[in-house]
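Take a look at the structure set out below.
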Amino acid sequence: MEKTRFSSVDEYIQAQPVSHQKGLKQLRQTIQKTVPEAEEVISYNMPAYKFQGVLVYFAAHTSHIGFYALPGPIVAFKEKLKSFTTSKGTVQFPIGKALPVKLIAEMVQYRVRENLERKSRQRKAKIK
């Protein structure tokens with residue numbers, strides 16, 4: 001069976017079950033509102049956002065939306081994420097439950113700061 005290769009986030013969302021689309025659109029909108037200058041791409045065949053490097057990814061799964069924020073925010077927001085299934089760099093948002101939009105925005109902002117700090121360190125290292 002050949003796997004679909006997505007070329008846009010719109011195409012990705014439209015290919016998902018209707019039950020997942022509202023949450024995917026809301027997650028997309030939250031990321032775009034939080035970092036309007038972020039570049040929207042498909043990476044690893046899922047939606048991704050870049051700003052001074054990769055910020056976050058997300059993907060639809062059978063019973064949840066995976067939000068791949070990388071390890072930093074998962075550690076930093078550990079207490080606020082207690083009611084969700086998490087792993088090293090991922091949060092699972094159950095299908096059919098309201099997304100924690102404010103928390104998602106905070107995690108995306110955290111990733112922006114991480115990327116800006118990394119870029120700053122890289123520039124300083126080049127100067128030396």
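Each chain in the structure tokens gets a letter, A, B and so on, in the order shown; residues start at 1 in every chain, and ligands are counted from 1 in the order they appear.
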
### Task
Find the spatial neighbours of Val35 of chain A, counting only C-alpha atoms, within a cut-off of 12 Å - ignore same-chain residues fewer than 3 positions away - and output them as an MDAnalysis selection string.
chainID A and resid 28:32 38:40 49:52 55:56 104:113

Write a file of the just-selected residues containing C-alpha atoms, as a tab-separated table (two decimals), in the first residue's frame.
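Listing of again_32.tsv after writing:
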chain	number	residue	atom	x	y	z
A	28	ARG	CA	-2.74	25.26	13.24
A	29	GLN	CA	-4.51	28.56	13.94
A	30	THR	CA	-3.03	28.75	17.45
A	31	ILE	CA	0.51	28.25	16.14
A	32	GLN	CA	0.02	30.79	13.33
A	38	ALA	CA	6.70	31.13	11.22
A	39	GLU	CA	7.04	29.22	7.97
A	40	GLU	CA	4.48	26.46	7.51
A	49	TYR	CA	6.49	25.23	11.65
A	50	LYS	CA	9.88	26.86	11.36
A	51	PHE	CA	11.20	30.05	12.90
A	52	GLN	CA	14.95	30.26	13.38
A	55	LEU	CA	9.47	25.04	16.23
A	56	VAL	CA	6.85	22.29	16.40
A	104	ILE	CA	-0.17	25.36	23.34
A	105	ALA	CA	0.61	29.04	22.68
A	106	GLU	CA	2.89	29.14	25.74
A	107	MET	CA	4.73	26.03	24.54
A	108	VAL	CA	5.19	27.52	21.06
A	109	GLN	CA	6.51	30.77	22.58
A	110	TYR	CA	8.92	28.69	24.67
A	111	ARG	CA	10.20	27.02	21.49
A	112	VAL	CA	10.69	30.45	19.86
A	113	ARG	CA	12.85	31.52	22.82

### Query
Residues at most 12 Å from Lys80 of chain A, counting only C-alpha atoms, excluding those fewer than 4 positions away in the same chain, as a list in words?
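Returned residues: Pro73, Ile74, Val75, Ala76, Phe84, Thr85, Thr86, Val91, Pro100, Lys102, Leu103, Ile104, Glu106 and Met107 of chain A.
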
### Query
Quick one: residues within 9 Å of Lys119 of chain A, only C-alpha atoms counted, chain neighbours fewer than 4 positions away excluded, as a list of chain:residue names?
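Returned residues: A:Gln52, A:Gly53, A:Glu114, A:Asn115, A:Arg123, A:Lys124.
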
### strand (DSSP E or B) positions in chain A, given as a ChimeraX atom specification
/A:39-43,46-50,54-60,64-68,85-86,90-94

Mind dumping the selected residues with N, CA and C atoms as a PDB file, in the first residue's frame?
ATOM      1  N   GLU A  39       7.247  29.839   9.278  1.00  0.00           N
ATOM      2  CA  GLU A  39       7.037  29.223   7.970  1.00  0.00           C
ATOM      3  C   GLU A  39       6.318  27.888   8.169  1.00  0.00           C
ATOM      4  N   GLU A  40       5.244  27.696   7.443  1.00  0.00           N
ATOM      5  CA  GLU A  40       4.476  26.455   7.512  1.00  0.00           C
ATOM      6  C   GLU A  40       4.985  25.510   6.430  1.00  0.00           C
ATOM      7  N   VAL A  41       5.360  24.295   6.827  1.00  0.00           N
ATOM      8  CA  VAL A  41       5.908  23.321   5.886  1.00  0.00           C
ATOM      9  C   VAL A  41       5.363  21.927   6.213  1.00  0.00           C
ATOM     10  N   ILE A  42       5.614  21.007   5.322  1.00  0.00           N
ATOM     11  CA  ILE A  42       5.404  19.590   5.601  1.00  0.00           C
ATOM     12  C   ILE A  42       6.796  18.996   5.796  1.00  0.00           C
ATOM     13  N   SER A  43       7.006  18.358   6.928  1.00  0.00           N
ATOM     14  CA  SER A  43       8.279  17.720   7.241  1.00  0.00           C
ATOM     15  C   SER A  43       7.967  16.379   7.888  1.00  0.00           C
ATOM     16  N   MET A  46       4.258  15.486   7.887  1.00  0.00           N
ATOM     17  CA  MET A  46       3.282  16.073   8.806  1.00  0.00           C
ATOM     18  C   MET A  46       3.512  17.578   8.873  1.00  0.00           C
ATOM     19  N   PRO A  47       2.502  18.332   9.307  1.00  0.00           N
ATOM     20  CA  PRO A  47       2.658  19.783   9.419  1.00  0.00           C
ATOM     21  C   PRO A  47       3.772  20.149  10.396  1.00  0.00           C
ATOM     22  N   ALA A  48       4.551  21.145  10.004  1.00  0.00           N
ATOM     23  CA  ALA A  48       5.641  21.637  10.843  1.00  0.00           C
ATOM     24  C   ALA A  48       5.738  23.144  10.669  1.00  0.00           C
ATOM     25  N   TYR A  49       6.320  23.780  11.668  1.00  0.00           N
ATOM     26  CA  TYR A  49       6.486  25.230  11.649  1.00  0.00           C
ATOM     27  C   TYR A  49       7.922  25.551  11.978  1.00  0.00           C
ATOM     28  N   LYS A  50       8.482  26.469  11.185  1.00  0.00           N
ATOM     29  CA  LYS A  50       9.880  26.855  11.364  1.00  0.00           C
ATOM     30  C   LYS A  50       9.988  28.347  11.643  1.00  0.00           C
ATOM     31  N   VAL A  54      13.346  24.589  13.452  1.00  0.00           N
ATOM     32  CA  VAL A  54      12.045  23.946  13.643  1.00  0.00           C
ATOM     33  C   VAL A  54      11.455  24.354  14.985  1.00  0.00           C
ATOM     34  N   LEU A  55      10.176  24.717  14.983  1.00  0.00           N
ATOM     35  CA  LEU A  55       9.469  25.037  16.229  1.00  0.00           C
ATOM     36  C   LEU A  55       8.727  23.808  16.728  1.00  0.00           C
ATOM     37  N   VAL A  56       7.709  23.396  15.981  1.00  0.00           N
ATOM     38  CA  VAL A  56       6.847  22.293  16.399  1.00  0.00           C
ATOM     39  C   VAL A  56       6.316  21.547  15.176  1.00  0.00           C
ATOM     40  N   TYR A  57       5.836  20.334  15.432  1.00  0.00           N
ATOM     41  CA  TYR A  57       5.146  19.523  14.448  1.00  0.00           C
ATOM     42  C   TYR A  57       3.820  19.098  15.071  1.00  0.00           C
ATOM     43  N   PHE A  58       2.883  18.651  14.231  1.00  0.00           N
ATOM     44  CA  PHE A  58       1.717  17.965  14.773  1.00  0.00           C
ATOM     45  C   PHE A  58       1.242  16.919  13.777  1.00  0.00           C
ATOM     46  N   ALA A  59       0.488  15.939  14.282  1.00  0.00           N
ATOM     47  CA  ALA A  59       0.003  14.860  13.426  1.00  0.00           C
ATOM     48  C   ALA A  59      -1.256  14.238  14.012  1.00  0.00           C
ATOM     49  N   ALA A  60      -2.127  13.797  13.124  1.00  0.00           N
ATOM     50  CA  ALA A  60      -3.352  13.107  13.529  1.00  0.00           C
ATOM     51  C   ALA A  60      -3.046  11.632  13.740  1.00  0.00           C
ATOM     52  N   HIS A  64      -5.901  10.526  19.031  1.00  0.00           N
ATOM     53  CA  HIS A  64      -5.346  11.780  19.537  1.00  0.00           C
ATOM     54  C   HIS A  64      -4.644  12.562  18.430  1.00  0.00           C
ATOM     55  N   ILE A  65      -4.322  13.808  18.768  1.00  0.00           N
ATOM     56  CA  ILE A  65      -3.449  14.626  17.929  1.00  0.00           C
ATOM     57  C   ILE A  65      -2.116  14.689  18.655  1.00  0.00           C
ATOM     58  N   GLY A  66      -1.070  14.282  17.979  1.00  0.00           N
ATOM     59  CA  GLY A  66       0.269  14.366  18.548  1.00  0.00           C
ATOM     60  C   GLY A  66       0.825  15.753  18.303  1.00  0.00           C
ATOM     61  N   PHE A  67       1.291  16.378  19.360  1.00  0.00           N
ATOM     62  CA  PHE A  67       1.898  17.709  19.279  1.00  0.00           C
ATOM     63  C   PHE A  67       3.359  17.536  19.656  1.00  0.00           C
ATOM     64  N   TYR A  68       4.236  17.709  18.694  1.00  0.00           N
ATOM     65  CA  TYR A  68       5.663  17.446  18.857  1.00  0.00           C
ATOM     66  C   TYR A  68       6.381  18.771  19.091  1.00  0.00           C
ATOM     67  N   THR A  85      -1.160  12.591  28.159  1.00  0.00           N
ATOM     68  CA  THR A  85      -0.091  11.622  27.945  1.00  0.00           C
ATOM     69  C   THR A  85       1.056  12.357  27.263  1.00  0.00           C
ATOM     70  N   THR A  86       2.255  12.216  27.825  1.00  0.00           N
ATOM     71  CA  THR A  86       3.431  12.866  27.244  1.00  0.00           C
ATOM     72  C   THR A  86       4.560  11.848  27.103  1.00  0.00           C
ATOM     73  N   THR A  90       6.746  14.929  23.140  1.00  0.00           N
ATOM     74  CA  THR A  90       5.401  14.867  22.567  1.00  0.00           C
ATOM     75  C   THR A  90       4.309  14.986  23.614  1.00  0.00           C
ATOM     76  N   VAL A  91       3.205  15.602  23.215  1.00  0.00           N
ATOM     77  CA  VAL A  91       1.983  15.630  24.021  1.00  0.00           C
ATOM     78  C   VAL A  91       0.879  15.038  23.159  1.00  0.00           C
ATOM     79  N   GLN A  92       0.026  14.231  23.770  1.00  0.00           N
ATOM     80  CA  GLN A  92      -1.123  13.677  23.061  1.00  0.00           C
ATOM     81  C   GLN A  92      -2.388  14.397  23.521  1.00  0.00           C
ATOM     82  N   PHE A  93      -3.069  15.041  22.577  1.00  0.00           N
ATOM     83  CA  PHE A  93      -4.331  15.708  22.855  1.00  0.00           C
ATOM     84  C   PHE A  93      -5.455  14.806  22.346  1.00  0.00           C
ATOM     85  N   PRO A  94      -6.294  14.280  23.250  1.00  0.00           N
ATOM     86  CA  PRO A  94      -7.354  13.348  22.841  1.00  0.00           C
ATOM     87  C   PRO A  94      -8.345  13.981  21.866  1.00  0.00           C
TER      88      PRO A  94
END

### Query
Running DSSP on the backbone, which parts of segment 19-126 of chain A land in alpha helix (DSSP H), as number ranges by chain?
A: 19-34, 71-76, 101-126

With C-alpha atoms retained, export the selected residues as a PDB file, in the first residue's frame.
ATOM      1  CA  SER A  19     -13.594  14.035  13.616  1.00  0.00           C
ATOM      2  CA  HIS A  20      -9.952  15.191  13.694  1.00  0.00           C
ATOM      3  CA  GLN A  21     -10.129  18.207  11.389  1.00  0.00           C
ATOM      4  CA  LYS A  22     -11.531  20.749  13.871  1.00  0.00           C
ATOM      5  CA  GLY A  23      -8.726  20.092  16.367  1.00  0.00           C
ATOM      6  CA  LEU A  24      -6.062  20.128  13.648  1.00  0.00           C
ATOM      7  CA  LYS A  25      -7.361  23.453  12.306  1.00  0.00           C
ATOM      8  CA  GLN A  26      -7.492  24.934  15.805  1.00  0.00           C
ATOM      9  CA  LEU A  27      -3.942  23.789  16.537  1.00  0.00           C
ATOM     10  CA  ARG A  28      -2.739  25.260  13.239  1.00  0.00           C
ATOM     11  CA  GLN A  29      -4.512  28.556  13.938  1.00  0.00           C
ATOM     12  CA  THR A  30      -3.032  28.750  17.448  1.00  0.00           C
ATOM     13  CA  ILE A  31       0.507  28.248  16.140  1.00  0.00           C
ATOM     14  CA  GLN A  32       0.021  30.789  13.325  1.00  0.00           C
ATOM     15  CA  LYS A  33      -1.478  33.363  15.708  1.00  0.00           C
ATOM     16  CA  THR A  34       1.344  32.849  18.211  1.00  0.00           C
ATOM     17  CA  PRO A  71      11.837  18.133  24.926  1.00  0.00           C
ATOM     18  CA  GLY A  72      12.230  21.694  26.289  1.00  0.00           C
ATOM     19  CA  PRO A  73       8.554  22.621  26.642  1.00  0.00           C
ATOM     20  CA  ILE A  74       7.598  19.144  27.861  1.00  0.00           C
ATOM     21  CA  VAL A  75       9.966  19.598  30.802  1.00  0.00           C
ATOM     22  CA  ALA A  76       9.157  23.284  31.361  1.00  0.00           C
ATOM     23  CA  VAL A 101      -5.051  26.641  23.377  1.00  0.00           C
ATOM     24  CA  LYS A 102      -3.380  28.935  25.929  1.00  0.00           C
ATOM     25  CA  LEU A 103      -0.958  26.184  26.961  1.00  0.00           C
ATOM     26  CA  ILE A 104      -0.166  25.359  23.339  1.00  0.00           C
ATOM     27  CA  ALA A 105       0.605  29.042  22.676  1.00  0.00           C
ATOM     28  CA  GLU A 106       2.886  29.139  25.738  1.00  0.00           C
ATOM     29  CA  MET A 107       4.731  26.035  24.537  1.00  0.00           C
ATOM     30  CA  VAL A 108       5.189  27.515  21.058  1.00  0.00           C
ATOM     31  CA  GLN A 109       6.505  30.767  22.585  1.00  0.00           C
ATOM     32  CA  TYR A 110       8.917  28.692  24.670  1.00  0.00           C
ATOM     33  CA  ARG A 111      10.198  27.024  21.487  1.00  0.00           C
ATOM     34  CA  VAL A 112      10.690  30.450  19.857  1.00  0.00           C
ATOM     35  CA  ARG A 113      12.851  31.516  22.825  1.00  0.00           C
ATOM     36  CA  GLU A 114      14.832  28.268  22.624  1.00  0.00           C
ATOM     37  CA  ASN A 115      15.499  28.780  18.919  1.00  0.00           C
ATOM     38  CA  LEU A 116      16.486  32.438  19.365  1.00  0.00           C
ATOM     39  CA  GLU A 117      18.840  31.555  22.231  1.00  0.00           C
ATOM     40  CA  ARG A 118      20.431  28.777  20.149  1.00  0.00           C
ATOM     41  CA  LYS A 119      20.947  31.167  17.207  1.00  0.00           C
ATOM     42  CA  SER A 120      22.482  33.747  19.529  1.00  0.00           C
ATOM     43  CA  ARG A 121      24.938  31.173  20.930  1.00  0.00           C
ATOM     44  CA  GLN A 122      25.842  30.089  17.387  1.00  0.00           C
ATOM     45  CA  ARG A 123      26.550  33.692  16.342  1.00  0.00           C
ATOM     46  CA  LYS A 124      28.710  34.272  19.425  1.00  0.00           C
ATOM     47  CA  ALA A 125      30.622  31.057  18.731  1.00  0.00           C
ATOM     48  CA  LYS A 126      31.341  32.202  15.148  1.00  0.00           C
TER      49      LYS A 126
END

### Closest of A:Lys97, A:Ser87, A:Gln16, A:Tyr44 to Thr62 of chain A - atom-to-atom distances counting only C-alpha atoms
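Result for the nearest residue to Thr62 of chain A: A:Gln16.
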